[in-house]
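Novice: Once you've had a glance at the structure underneath, I'll fire off some questions.
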Number of protein chains: 2
Amino acid sequence: MIFMIKVATAECFTHGLIAREIHALSQGYEGEFGCDFLNNNNATPTSNDNYKPNISVICGIFVPTVSGLKNILKIDAPTPSKIIRGVKVYDENYDKQVAALMAKAVKDISEADIGIGTTAGIGRGGIAISTEELTVVTTSGFYADLTSFCSPQLLKRQKKGVKKALNIFLAILNDDMGKIMDHDDVLLQMNDVRIKD
Amino acid sequence: MIFMIKVATAECFTHGLIAREIHALSQGYEGEFGCDFLNNNNATPTSNDNYKPNISVICGIFVPTVSGLKNILKIDAPTPSKIIRGVKVYDENYDKQVAALMAKAVKDISEADIGIGTTAGIGRGGIAISTEELTVVTTSGFYADLTSFCSPQLLKRQKKGVKKALNIFLAILNDDMGKIMDHDDVLLQMNDVRIKD
(Lines give C-alpha, C1' and ligand atoms only; values in the text may rest on other atoms or scores of the structure.)
Protein backbone atom coordinates (compact mmCIF):
# COMPACT_ATOMS: atom_id res chain seq x y z
CA MET A 1 0.00 0.00 0.00
CA ILE A 2 1.33 3.45 -0.96
CA PHE A 3 0.90 5.97 1.83
CA MET A 4 0.15 9.51 0.64
CA ILE A 5 1.14 12.24 3.12
CA LYS A 6 -1.45 15.03 3.08
CA VAL A 7 -0.15 18.53 3.83
CA ALA A 8 -2.04 21.78 4.42
CA THR A 9 -0.72 25.26 5.20
CA ALA A 10 -2.14 28.47 6.69
CA GLU A 11 0.35 31.22 5.89
CA CYS A 12 0.67 34.91 6.53
CA PHE A 13 4.16 36.41 6.02
CA THR A 14 5.22 33.52 3.76
CA HIS A 15 2.35 34.36 1.35
CA GLY A 16 1.51 30.74 0.45
CA LEU A 17 5.04 30.09 -0.83
CA ILE A 18 5.51 27.05 1.43
CA ALA A 19 2.44 25.34 -0.04
CA ARG A 20 3.47 26.29 -3.56
CA GLU A 21 6.97 24.88 -3.05
CA ILE A 22 5.83 21.56 -1.56
CA HIS A 23 3.22 21.27 -4.33
CA ALA A 24 5.84 21.87 -7.07
CA LEU A 25 8.12 19.28 -5.46
CA SER A 26 5.36 16.67 -5.14
CA GLN A 27 4.18 17.17 -8.73
CA GLY A 28 7.71 17.19 -10.19
CA TYR A 29 7.30 20.57 -11.92
CA GLU A 30 10.43 21.95 -13.54
CA GLY A 31 11.92 25.28 -14.64
CA GLU A 32 10.23 28.52 -13.60
CA PHE A 33 7.12 26.50 -12.70
CA GLY A 34 9.17 24.27 -10.39
CA CYS A 35 10.76 24.67 -6.98
CA ASP A 36 12.47 27.92 -5.95
CA PHE A 37 13.85 26.80 -2.61
CA LEU A 38 14.13 23.02 -2.76
CA ASN A 39 15.78 20.63 -5.14
CA ASN A 40 15.40 16.89 -5.24
CA ASN A 41 18.65 16.37 -3.40
CA ASN A 42 17.37 18.48 -0.50
CA ALA A 43 14.17 16.57 -0.38
CA THR A 44 15.50 13.08 -0.03
CA PRO A 45 18.41 11.55 1.86
CA THR A 46 19.54 9.80 -1.31
CA SER A 47 20.40 11.53 -4.57
CA ASN A 48 17.76 10.71 -7.18
CA ASP A 49 16.83 13.15 -9.91
CA ASN A 50 13.43 11.54 -10.44
CA TYR A 51 12.46 11.59 -6.77
CA LYS A 52 8.92 12.76 -6.14
CA PRO A 53 7.89 12.46 -2.51
CA ASN A 54 4.46 10.92 -2.07
CA ILE A 55 2.84 14.12 -0.85
CA SER A 56 -0.40 15.87 -1.69
CA VAL A 57 -0.88 19.53 -0.80
CA ILE A 58 -4.58 19.62 0.12
CA CYS A 59 -4.61 23.40 0.36
CA GLY A 60 -2.40 26.40 1.10
CA ILE A 61 -4.28 29.24 2.71
CA PHE A 62 -2.82 32.74 2.66
CA VAL A 63 -4.59 34.40 5.55
CA PRO A 64 -3.30 37.82 6.66
CA THR A 65 -6.49 38.94 8.44
CA VAL A 66 -8.12 38.24 11.79
CA SER A 67 -11.46 37.74 10.04
CA GLY A 68 -9.84 35.09 7.83
CA LEU A 69 -8.52 33.30 10.90
CA LYS A 70 -12.01 33.38 12.38
CA ASN A 71 -14.11 32.54 9.32
CA ILE A 72 -11.86 30.07 7.50
CA LEU A 73 -9.80 28.46 10.26
CA LYS A 74 -12.34 28.91 13.08
CA ILE A 75 -9.60 30.37 15.31
CA ASP A 76 -10.47 32.75 18.10
CA ALA A 77 -7.16 34.64 17.79
CA PRO A 78 -5.78 37.15 20.32
CA THR A 79 -6.49 40.81 19.57
CA PRO A 80 -3.59 42.17 17.45
CA SER A 81 -1.57 45.10 18.77
CA LYS A 82 -2.24 46.85 15.45
CA ILE A 83 -4.24 46.30 12.27
CA ILE A 84 -2.95 47.72 8.95
CA ARG A 85 -5.61 47.77 6.24
CA GLY A 86 -7.16 44.62 7.69
CA VAL A 87 -3.82 42.86 8.31
CA LYS A 88 -3.08 41.69 11.87
CA VAL A 89 0.17 42.71 13.58
CA TYR A 90 1.45 40.73 16.60
CA ASP A 91 4.74 40.69 18.46
CA GLU A 92 6.94 37.59 18.27
CA ASN A 93 5.48 35.79 21.29
CA TYR A 94 1.94 36.09 20.01
CA ASP A 95 3.08 35.19 16.49
CA LYS A 96 4.47 31.88 17.76
CA GLN A 97 1.24 31.12 19.64
CA VAL A 98 -0.96 32.05 16.67
CA ALA A 99 1.23 30.09 14.20
CA ALA A 100 0.70 26.98 16.34
CA LEU A 101 -3.07 27.56 16.37
CA MET A 102 -3.01 28.04 12.57
CA ALA A 103 -0.99 24.85 11.97
CA LYS A 104 -3.34 22.73 14.08
CA ALA A 105 -6.51 24.33 12.69
CA VAL A 106 -5.58 23.95 9.02
CA LYS A 107 -4.50 20.34 9.62
CA ASP A 108 -7.82 19.56 11.26
CA ILE A 109 -10.21 21.30 8.88
CA SER A 110 -8.49 19.91 5.79
CA GLU A 111 -8.07 16.43 7.32
CA ALA A 112 -4.33 16.58 6.54
CA ASP A 113 -1.50 14.63 8.19
CA ILE A 114 0.73 17.70 8.57
CA GLY A 115 -0.33 21.34 9.07
CA ILE A 116 1.99 24.34 8.72
CA GLY A 117 1.21 27.80 10.14
CA THR A 118 3.12 31.07 9.73
CA THR A 119 2.59 34.66 10.89
CA ALA A 120 4.95 37.59 11.48
CA GLY A 121 4.34 41.13 12.64
CA ILE A 122 7.09 42.73 14.72
CA GLY A 123 9.98 40.34 15.38
CA ARG A 124 11.24 37.16 13.80
CA GLY A 125 7.71 35.81 13.38
CA GLY A 126 6.23 32.44 14.24
CA ILE A 127 6.40 29.19 12.27
CA ALA A 128 4.66 26.00 13.42
CA ILE A 129 4.52 22.53 11.94
CA SER A 130 1.98 20.18 13.42
CA THR A 131 1.60 16.42 13.09
CA GLU A 132 -0.86 14.16 14.91
CA GLU A 133 1.57 13.81 17.82
CA LEU A 134 3.51 17.05 18.09
CA THR A 135 3.89 20.66 17.04
CA VAL A 136 7.30 22.19 16.30
CA VAL A 137 7.27 25.96 16.94
CA THR A 138 10.09 28.20 15.76
CA THR A 139 10.85 31.61 14.17
CA SER A 140 12.21 32.75 10.81
CA GLY A 141 15.47 33.66 12.57
CA PHE A 142 15.39 37.19 11.09
CA TYR A 143 13.90 40.33 12.66
CA ALA A 144 11.61 42.62 10.67
CA ASP A 145 8.81 45.05 11.45
CA LEU A 146 5.66 44.90 9.34
CA THR A 147 4.68 48.40 10.44
CA SER A 148 7.93 49.90 9.06
CA PHE A 149 6.96 49.07 5.44
CA CYS A 150 10.64 48.23 4.84
CA SER A 151 10.20 45.85 1.90
CA PRO A 152 13.81 44.53 1.74
CA GLN A 153 13.65 43.47 5.41
CA LEU A 154 10.20 41.94 5.01
CA LEU A 155 11.37 40.07 1.93
CA LYS A 156 14.44 38.71 3.74
CA ARG A 157 12.33 37.55 6.71
CA GLN A 158 9.93 35.88 4.29
CA LYS A 159 12.65 33.99 2.41
CA LYS A 160 14.33 32.86 5.61
CA GLY A 161 10.95 31.79 6.99
CA VAL A 162 10.08 29.72 3.93
CA LYS A 163 13.50 27.99 4.00
CA LYS A 164 13.29 27.29 7.75
CA ALA A 165 9.76 25.87 7.48
CA LEU A 166 10.72 23.62 4.55
CA ASN A 167 13.86 22.48 6.33
CA ILE A 168 11.90 21.42 9.41
CA PHE A 169 9.08 19.93 7.32
CA LEU A 170 11.58 17.69 5.49
CA ALA A 171 13.28 16.75 8.77
CA ILE A 172 9.87 15.65 10.09
CA LEU A 173 9.25 13.60 6.93
CA ASN A 174 12.67 11.97 7.40
CA ASP A 175 12.04 11.46 11.13
CA ASP A 176 15.25 13.40 11.86
CA MET A 177 14.61 15.04 15.24
CA GLY A 178 18.32 15.83 15.60
CA LYS A 179 18.17 18.17 12.61
CA ILE A 180 15.15 19.94 14.07
CA MET A 181 16.81 20.42 17.45
CA ASP A 182 19.96 21.82 15.78
CA HIS A 183 18.04 25.11 15.53
CA ASP A 184 18.46 27.23 18.66
CA ASP A 185 14.93 28.64 18.63
CA VAL A 186 12.80 25.51 18.46
CA LEU A 187 10.11 24.54 20.93
CA LEU A 188 8.37 21.16 20.86
CA GLN A 189 4.77 20.84 22.02
CA MET A 190 3.25 17.39 22.44
CA ASN A 191 -0.32 17.43 21.14
CA ASP A 192 -3.23 16.12 23.11
CA VAL A 193 -3.68 12.97 21.02
CA ARG A 194 -6.93 11.22 21.75
CA ILE A 195 -7.23 7.53 21.02
CA LYS A 196 -10.21 6.92 18.77
CA ASP A 197 -12.94 4.66 20.15
CA MET B 1 -17.13 56.78 5.89
CA ILE B 2 -14.33 54.84 4.18
CA PHE B 3 -15.57 51.69 2.49
CA MET B 4 -13.11 48.77 2.57
CA ILE B 5 -13.59 46.23 -0.24
CA LYS B 6 -12.97 42.72 1.08
CA VAL B 7 -11.56 40.21 -1.43
CA ALA B 8 -11.06 36.44 -1.12
CA THR B 9 -9.66 33.96 -3.65
CA ALA B 10 -9.78 30.19 -4.13
CA GLU B 11 -7.11 29.36 -6.68
CA CYS B 12 -5.81 26.26 -8.37
CA PHE B 13 -3.67 26.84 -11.50
CA THR B 14 -2.85 30.42 -10.47
CA HIS B 15 -1.28 29.10 -7.22
CA GLY B 16 -2.46 31.96 -4.99
CA LEU B 17 -0.71 34.58 -7.15
CA ILE B 18 -3.90 36.60 -7.64
CA ALA B 19 -4.35 37.02 -3.89
CA ARG B 20 -0.67 37.83 -3.41
CA GLU B 21 -0.79 40.47 -6.14
CA ILE B 22 -3.92 42.21 -4.85
CA HIS B 23 -2.49 42.07 -1.31
CA ALA B 24 0.81 43.66 -2.41
CA LEU B 25 -1.12 46.38 -4.25
CA SER B 26 -3.40 47.12 -1.30
CA GLN B 27 -0.50 47.26 1.17
CA GLY B 28 1.72 49.36 -1.09
CA TYR B 29 4.65 46.91 -0.99
CA GLU B 30 7.55 47.76 -3.27
CA GLY B 31 10.46 46.07 -5.03
CA GLU B 32 10.66 42.27 -5.09
CA PHE B 33 8.06 42.17 -2.31
CA GLY B 34 5.68 44.28 -4.40
CA CYS B 35 3.48 43.66 -7.41
CA ASP B 36 4.64 41.46 -10.29
CA PHE B 37 1.72 42.01 -12.64
CA LEU B 38 0.14 45.31 -11.64
CA ASN B 39 1.44 48.80 -11.20
CA ASN B 40 -0.31 51.73 -9.67
CA ASN B 41 -1.18 53.15 -13.07
CA ASN B 42 -2.98 49.93 -13.97
CA ALA B 43 -4.91 49.97 -10.78
CA THR B 44 -6.44 53.38 -11.00
CA PRO B 45 -7.84 55.46 -13.82
CA THR B 46 -5.71 58.41 -12.72
CA SER B 47 -1.94 58.36 -12.43
CA ASN B 48 -0.92 58.57 -8.78
CA ASP B 49 2.24 56.91 -7.50
CA ASN B 50 0.94 56.77 -3.96
CA TYR B 51 -2.39 55.20 -4.86
CA LYS B 52 -3.39 52.34 -2.57
CA PRO B 53 -6.85 50.99 -3.31
CA ASN B 54 -8.93 50.49 -0.20
CA ILE B 55 -8.89 46.71 -0.41
CA SER B 56 -8.30 43.99 2.15
CA VAL B 57 -7.43 40.46 1.02
CA ILE B 58 -9.21 38.35 3.65
CA CYS B 59 -7.62 35.15 2.40
CA GLY B 60 -6.19 33.50 -0.71
CA ILE B 61 -6.73 29.76 -0.75
CA PHE B 62 -4.60 27.59 -3.02
CA VAL B 63 -6.73 24.50 -3.39
CA PRO B 64 -5.67 21.95 -6.02
CA THR B 65 -7.53 18.96 -4.54
CA VAL B 66 -11.12 17.72 -4.51
CA SER B 67 -10.85 17.09 -0.77
CA GLY B 68 -9.80 20.72 -0.28
CA LEU B 69 -12.84 21.90 -2.25
CA LYS B 70 -15.02 19.71 -0.05
CA ASN B 71 -13.48 20.34 3.36
CA ILE B 72 -12.48 24.01 3.09
CA LEU B 73 -14.96 25.47 0.60
CA LYS B 74 -17.82 23.01 1.26
CA ILE B 75 -18.20 22.45 -2.48
CA ASP B 76 -19.63 19.19 -3.77
CA ALA B 77 -17.55 19.31 -6.96
CA PRO B 78 -18.06 17.11 -10.04
CA THR B 79 -15.89 13.97 -10.23
CA PRO B 80 -12.65 14.88 -12.08
CA SER B 81 -11.78 13.01 -15.27
CA LYS B 82 -8.38 12.28 -13.73
CA ILE B 83 -6.57 12.77 -10.42
CA ILE B 84 -2.77 13.23 -10.39
CA ARG B 85 -1.27 12.78 -6.93
CA GLY B 86 -4.40 14.20 -5.36
CA VAL B 87 -4.80 17.03 -7.90
CA LYS B 88 -8.10 17.25 -9.79
CA VAL B 89 -8.11 17.43 -13.60
CA TYR B 90 -11.19 18.73 -15.45
CA ASP B 91 -11.81 19.75 -19.05
CA GLU B 92 -12.51 23.41 -19.83
CA ASN B 93 -16.29 23.27 -19.47
CA TYR B 94 -16.09 21.73 -16.03
CA ASP B 95 -13.26 24.12 -15.06
CA LYS B 96 -15.51 27.10 -15.80
CA GLN B 97 -18.34 25.62 -13.74
CA VAL B 98 -16.05 24.73 -10.83
CA ALA B 99 -14.31 28.14 -10.91
CA ALA B 100 -17.72 29.80 -10.51
CA LEU B 101 -18.54 27.52 -7.55
CA MET B 102 -15.15 28.34 -5.99
CA ALA B 103 -15.57 32.11 -6.42
CA LYS B 104 -19.01 32.09 -4.79
CA ALA B 105 -17.99 29.69 -2.01
CA VAL B 106 -14.85 31.58 -0.97
CA LYS B 107 -16.76 34.87 -1.03
CA ASP B 108 -19.45 33.45 1.21
CA ILE B 109 -17.31 31.59 3.78
CA SER B 110 -14.91 34.52 4.18
CA GLU B 111 -17.71 37.11 4.19
CA ALA B 112 -15.94 39.00 1.40
CA ASP B 113 -17.42 41.43 -1.12
CA ILE B 114 -15.65 39.85 -4.09
CA GLY B 115 -14.64 36.19 -4.56
CA ILE B 116 -12.26 34.93 -7.24
CA GLY B 117 -12.03 31.27 -8.31
CA THR B 118 -9.59 29.60 -10.73
CA THR B 119 -8.99 26.04 -11.92
CA ALA B 120 -7.42 24.56 -15.05
CA GLY B 121 -6.87 20.98 -16.15
CA ILE B 122 -7.05 20.32 -19.90
CA GLY B 123 -7.92 23.47 -21.87
CA ARG B 124 -7.75 27.17 -21.22
CA GLY B 125 -9.07 26.73 -17.68
CA GLY B 126 -11.80 28.56 -15.81
CA ILE B 127 -11.66 31.93 -14.04
CA ALA B 128 -14.62 33.37 -12.15
CA ILE B 129 -15.09 36.64 -10.27
CA SER B 130 -18.17 36.91 -8.14
CA THR B 131 -19.79 39.93 -6.52
CA GLU B 132 -23.05 40.05 -4.62
CA GLU B 133 -24.97 40.61 -7.86
CA LEU B 134 -23.10 38.77 -10.60
CA THR B 135 -20.40 36.31 -11.54
CA VAL B 136 -18.07 36.88 -14.50
CA VAL B 137 -16.82 33.57 -15.93
CA THR B 138 -13.96 33.42 -18.42
CA THR B 139 -10.82 31.45 -19.37
CA SER B 140 -7.08 32.20 -19.30
CA GLY B 141 -7.18 32.45 -23.11
CA PHE B 142 -4.29 29.96 -23.45
CA TYR B 143 -4.52 26.18 -23.89
CA ALA B 144 -2.44 23.81 -21.76
CA ASP B 145 -2.74 20.25 -20.53
CA LEU B 146 -1.96 19.53 -16.88
CA THR B 147 -1.48 15.82 -17.65
CA SER B 148 1.30 16.56 -20.18
CA PHE B 149 3.64 17.90 -17.44
CA CYS B 150 4.80 20.53 -19.97
CA SER B 151 5.97 23.18 -17.52
CA PRO B 152 6.52 26.04 -20.05
CA GLN B 153 2.91 25.70 -21.29
CA LEU B 154 1.53 25.44 -17.76
CA LEU B 155 3.55 28.50 -16.75
CA LYS B 156 2.27 30.51 -19.72
CA ARG B 157 -1.36 29.55 -18.98
CA GLN B 158 -0.83 30.54 -15.34
CA LYS B 159 0.62 33.98 -16.17
CA LYS B 160 -2.11 34.72 -18.71
CA GLY B 161 -4.72 33.56 -16.19
CA VAL B 162 -3.41 35.81 -13.43
CA LYS B 163 -3.32 38.84 -15.76
CA LYS B 164 -6.82 38.15 -17.10
CA ALA B 165 -8.27 37.73 -13.61
CA LEU B 166 -6.63 40.95 -12.36
CA ASN B 167 -7.77 42.83 -15.46
CA ILE B 168 -11.40 41.82 -14.92
CA PHE B 169 -11.16 42.37 -11.15
CA LEU B 170 -9.99 45.97 -11.71
CA ALA B 171 -12.70 46.53 -14.34
CA ILE B 172 -15.29 45.40 -11.78
CA LEU B 173 -13.79 47.78 -9.18
CA ASN B 174 -13.98 50.60 -11.73
CA ASP B 175 -17.52 49.56 -12.77
CA ASP B 176 -16.28 49.26 -16.37
CA MET B 177 -18.49 46.56 -17.90
CA GLY B 178 -17.37 47.57 -21.38
CA LYS B 179 -13.81 46.50 -20.62
CA ILE B 180 -15.05 43.14 -19.33
CA MET B 181 -17.17 42.50 -22.42
CA ASP B 182 -14.20 43.34 -24.69
CA HIS B 183 -12.98 39.79 -23.99
CA ASP B 184 -14.47 37.29 -26.44
CA ASP B 185 -14.78 34.45 -23.91
CA VAL B 186 -16.72 36.09 -21.10
CA LEU B 187 -20.03 34.85 -19.71
CA LEU B 188 -22.06 36.84 -17.17
CA GLN B 189 -24.21 35.03 -14.62
CA MET B 190 -26.63 37.02 -12.49
CA ASN B 191 -26.54 35.70 -8.93
CA ASP B 192 -29.65 34.81 -7.02
CA VAL B 193 -29.54 37.85 -4.69
CA ARG B 194 -31.94 37.53 -1.80
CA ILE B 195 -33.19 40.64 -0.06
CA LYS B 196 -32.52 40.35 3.64
CA ASP B 197 -35.56 40.48 5.94
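By convention here, the chains of the C-alpha coordinates are called A, B, ... in the order presented, each chain's residues are numbered starting at 1, and ligands are numbered starting at 1 in the order presented.
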Contacts of Thr147 of chain B at 10 Å or less, counting only C-alpha atoms, minus same-chain residues fewer than 6 places along, as a list in words?
Specialist: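 So, after excluding close chain neighbours, the residues are Lys82, Ile83, Ile84, Val89, Gly121 and Ile122 of chain B.
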Novice: With 9 Å as the limit and counting only C-alpha atoms, what residues in chain A lie close to chain B? Please list them as a VMD selection string.
Specialist: chain A and resid 4 6 10 15 to 17 19 to 20 26 to 34 54 to 73 84 to 87 109 to 111 149 to 152 154 to 155
Novice: Find the residues around segment 132-141 of chain A up to 7 Å (only C-alpha atoms counted), leave out those fewer than 3 positions away in its own chain, and share them as a list in words.
Specialist: Lys96, Ala100, Asp113, Arg124, Gly125, Gly126, Ile127, Ala128, Ile129, Arg157, Lys160, Gly161, Lys164, Asp185, Val186, Leu187, Leu188, Gln189, Met190, Asn191 and Val193 of chain A
Novice: List every residue of segment 20-148 of chain B that DSSP, applied to the backbone, labels as alpha helix (DSSP H), and write the result as a ChimeraX atom specification.
Specialist: /B:20-27,40-43,66-71,92-110
Novice: Go ahead and save the residues from that selection, with N, CA, C and O atoms, as a short mmCIF file (atom, residue, chain, number, x, y, z; two decimals), in the first residue's frame.
Specialist:
```cif
data_model
loop_
_atom_site.label_atom_id
_atom_site.label_comp_id
_atom_site.auth_asym_id
_atom_site.auth_seq_id
_atom_site.Cartn_x
_atom_site.Cartn_y
_atom_site.Cartn_z
N ARG B 20 -1.94 37.20 -3.78
CA ARG B 20 -0.67 37.83 -3.41
C ARG B 20 -0.53 39.19 -4.09
O ARG B 20 -0.09 40.17 -3.49
N GLU B 21 -0.93 39.24 -5.36
CA GLU B 21 -0.79 40.47 -6.14
C GLU B 21 -1.71 41.58 -5.60
O GLU B 21 -1.29 42.73 -5.43
N ILE B 22 -2.97 41.21 -5.36
CA ILE B 22 -3.92 42.21 -4.85
C ILE B 22 -3.49 42.65 -3.45
O ILE B 22 -3.59 43.83 -3.10
N HIS B 23 -2.98 41.72 -2.66
CA HIS B 23 -2.49 42.07 -1.31
C HIS B 23 -1.32 43.05 -1.39
O HIS B 23 -1.29 44.06 -0.66
N ALA B 24 -0.36 42.77 -2.27
CA ALA B 24 0.81 43.66 -2.41
C ALA B 24 0.37 45.06 -2.86
O ALA B 24 0.88 46.07 -2.38
N LEU B 25 -0.59 45.10 -3.77
CA LEU B 25 -1.12 46.38 -4.25
C LEU B 25 -1.78 47.15 -3.12
O LEU B 25 -1.51 48.34 -2.91
N SER B 26 -2.62 46.44 -2.35
CA SER B 26 -3.40 47.12 -1.30
C SER B 26 -2.51 47.60 -0.17
O SER B 26 -2.82 48.59 0.50
N GLN B 27 -1.39 46.89 0.08
CA GLN B 27 -0.50 47.26 1.17
C GLN B 27 0.60 48.22 0.72
O GLN B 27 1.39 48.68 1.54
N ASN B 40 0.72 50.81 -10.16
CA ASN B 40 -0.31 51.73 -9.67
C ASN B 40 -1.11 52.37 -10.80
O ASN B 40 -2.28 52.66 -10.66
N ASN B 41 -0.46 52.54 -11.95
CA ASN B 41 -1.18 53.15 -13.07
C ASN B 41 -2.23 52.21 -13.66
O ASN B 41 -3.22 52.64 -14.22
N ASN B 42 -1.97 50.88 -13.53
CA ASN B 42 -2.98 49.93 -13.97
C ASN B 42 -4.19 49.96 -13.06
O ASN B 42 -5.31 49.70 -13.46
N ALA B 43 -3.90 50.22 -11.80
CA ALA B 43 -4.91 49.97 -10.78
C ALA B 43 -5.88 51.13 -10.59
O ALA B 43 -6.88 50.98 -9.93
N VAL B 66 -9.67 17.86 -4.71
CA VAL B 66 -11.12 17.72 -4.51
C VAL B 66 -11.44 17.73 -3.01
O VAL B 66 -12.43 18.33 -2.59
N SER B 67 -10.57 17.11 -2.21
CA SER B 67 -10.85 17.09 -0.77
C SER B 67 -10.75 18.50 -0.18
O SER B 67 -11.49 18.84 0.76
N GLY B 68 -9.88 19.32 -0.72
CA GLY B 68 -9.80 20.72 -0.28
C GLY B 68 -11.07 21.48 -0.64
O GLY B 68 -11.59 22.27 0.16
N LEU B 69 -11.57 21.25 -1.85
CA LEU B 69 -12.84 21.90 -2.25
C LEU B 69 -13.95 21.50 -1.29
O LEU B 69 -14.76 22.33 -0.88
N LYS B 70 -13.96 20.22 -0.92
CA LYS B 70 -15.02 19.71 -0.05
C LYS B 70 -14.86 20.21 1.39
O LYS B 70 -15.80 20.76 1.98
N ASN B 71 -13.65 20.06 1.93
CA ASN B 71 -13.48 20.34 3.36
C ASN B 71 -13.34 21.83 3.68
O ASN B 71 -13.79 22.28 4.73
N GLU B 92 -12.25 21.97 -19.95
CA GLU B 92 -12.51 23.41 -19.83
C GLU B 92 -13.93 23.74 -19.37
O GLU B 92 -14.14 24.65 -18.56
N ASN B 93 -14.91 22.98 -19.87
CA ASN B 93 -16.29 23.27 -19.47
C ASN B 93 -16.50 23.08 -17.97
O ASN B 93 -17.11 23.91 -17.31
N TYR B 94 -15.99 21.96 -17.46
CA TYR B 94 -16.09 21.73 -16.03
C TYR B 94 -15.27 22.76 -15.24
O TYR B 94 -15.66 23.20 -14.18
N ASP B 95 -14.09 23.12 -15.77
CA ASP B 95 -13.26 24.12 -15.06
C ASP B 95 -14.02 25.43 -14.87
O ASP B 95 -13.97 26.04 -13.81
N LYS B 96 -14.75 25.84 -15.91
CA LYS B 96 -15.51 27.10 -15.80
C LYS B 96 -16.62 26.98 -14.75
O LYS B 96 -16.83 27.90 -13.96
N GLN B 97 -17.28 25.84 -14.74
CA GLN B 97 -18.34 25.62 -13.74
C GLN B 97 -17.76 25.61 -12.32
O GLN B 97 -18.31 26.22 -11.40
N VAL B 98 -16.65 24.88 -12.17
CA VAL B 98 -16.05 24.73 -10.83
C VAL B 98 -15.46 26.06 -10.36
O VAL B 98 -15.56 26.42 -9.18
N ALA B 99 -14.86 26.82 -11.28
CA ALA B 99 -14.31 28.14 -10.91
C ALA B 99 -15.42 29.04 -10.36
O ALA B 99 -15.21 29.77 -9.37
N ALA B 100 -16.59 28.98 -10.99
CA ALA B 100 -17.72 29.80 -10.51
C ALA B 100 -18.16 29.35 -9.11
O ALA B 100 -18.43 30.19 -8.23
N LEU B 101 -18.21 28.03 -8.89
CA LEU B 101 -18.54 27.52 -7.55
C LEU B 101 -17.51 27.97 -6.52
O LEU B 101 -17.86 28.37 -5.39
N MET B 102 -16.23 27.94 -6.90
CA MET B 102 -15.15 28.34 -5.99
C MET B 102 -15.25 29.82 -5.64
O MET B 102 -15.08 30.21 -4.48
N ALA B 103 -15.49 30.65 -6.65
CA ALA B 103 -15.57 32.11 -6.42
C ALA B 103 -16.70 32.44 -5.44
O ALA B 103 -16.53 33.23 -4.51
N LYS B 104 -17.86 31.81 -5.67
CA LYS B 104 -19.01 32.09 -4.79
C LYS B 104 -18.76 31.54 -3.39
O LYS B 104 -19.06 32.20 -2.39
N ALA B 105 -18.20 30.33 -3.31
CA ALA B 105 -17.99 29.69 -2.01
C ALA B 105 -16.99 30.48 -1.16
O ALA B 105 -17.22 30.72 0.03
N VAL B 106 -15.87 30.89 -1.76
CA VAL B 106 -14.85 31.58 -0.97
C VAL B 106 -15.35 32.97 -0.54
O VAL B 106 -15.02 33.44 0.56
N LYS B 107 -16.15 33.58 -1.40
CA LYS B 107 -16.76 34.87 -1.03
C LYS B 107 -17.67 34.69 0.19
O LYS B 107 -17.62 35.47 1.14
N ASP B 108 -18.48 33.66 0.13
CA ASP B 108 -19.45 33.45 1.21
C ASP B 108 -18.78 33.05 2.53
O ASP B 108 -19.07 33.64 3.57
N ILE B 109 -17.87 32.06 2.50
CA ILE B 109 -17.31 31.59 3.78
C ILE B 109 -16.40 32.63 4.43
O ILE B 109 -16.25 32.65 5.64
N SER B 110 -15.81 33.51 3.60
CA SER B 110 -14.91 34.52 4.18
C SER B 110 -15.63 35.86 4.41
O SER B 110 -15.01 36.81 4.86
#
```
Novice: Please report the interatomic distance between atom CA of Ile116 of chain B and atom CA of Thr131 of chain B in Å with one decimal.
Specialist: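 Atom-to-atom, atom CA of Ile116 of chain B to atom CA of Thr131 of chain B, that is 9.1 Å.
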Novice: According to DSSP computed on the backbone, where in segment 89-130 of chain B is there strand (DSSP E)? Give the residues as a VMD selection string.
Specialist: chain B and resid 89 114 to 119 122 to 123 126 to 130
Novice: Provide the atom CA of Asp182 of chain B to atom CA of Phe142 of chain B distance in Å, to one decimal place.
Specialist: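 It comes out at 16.7 Å.
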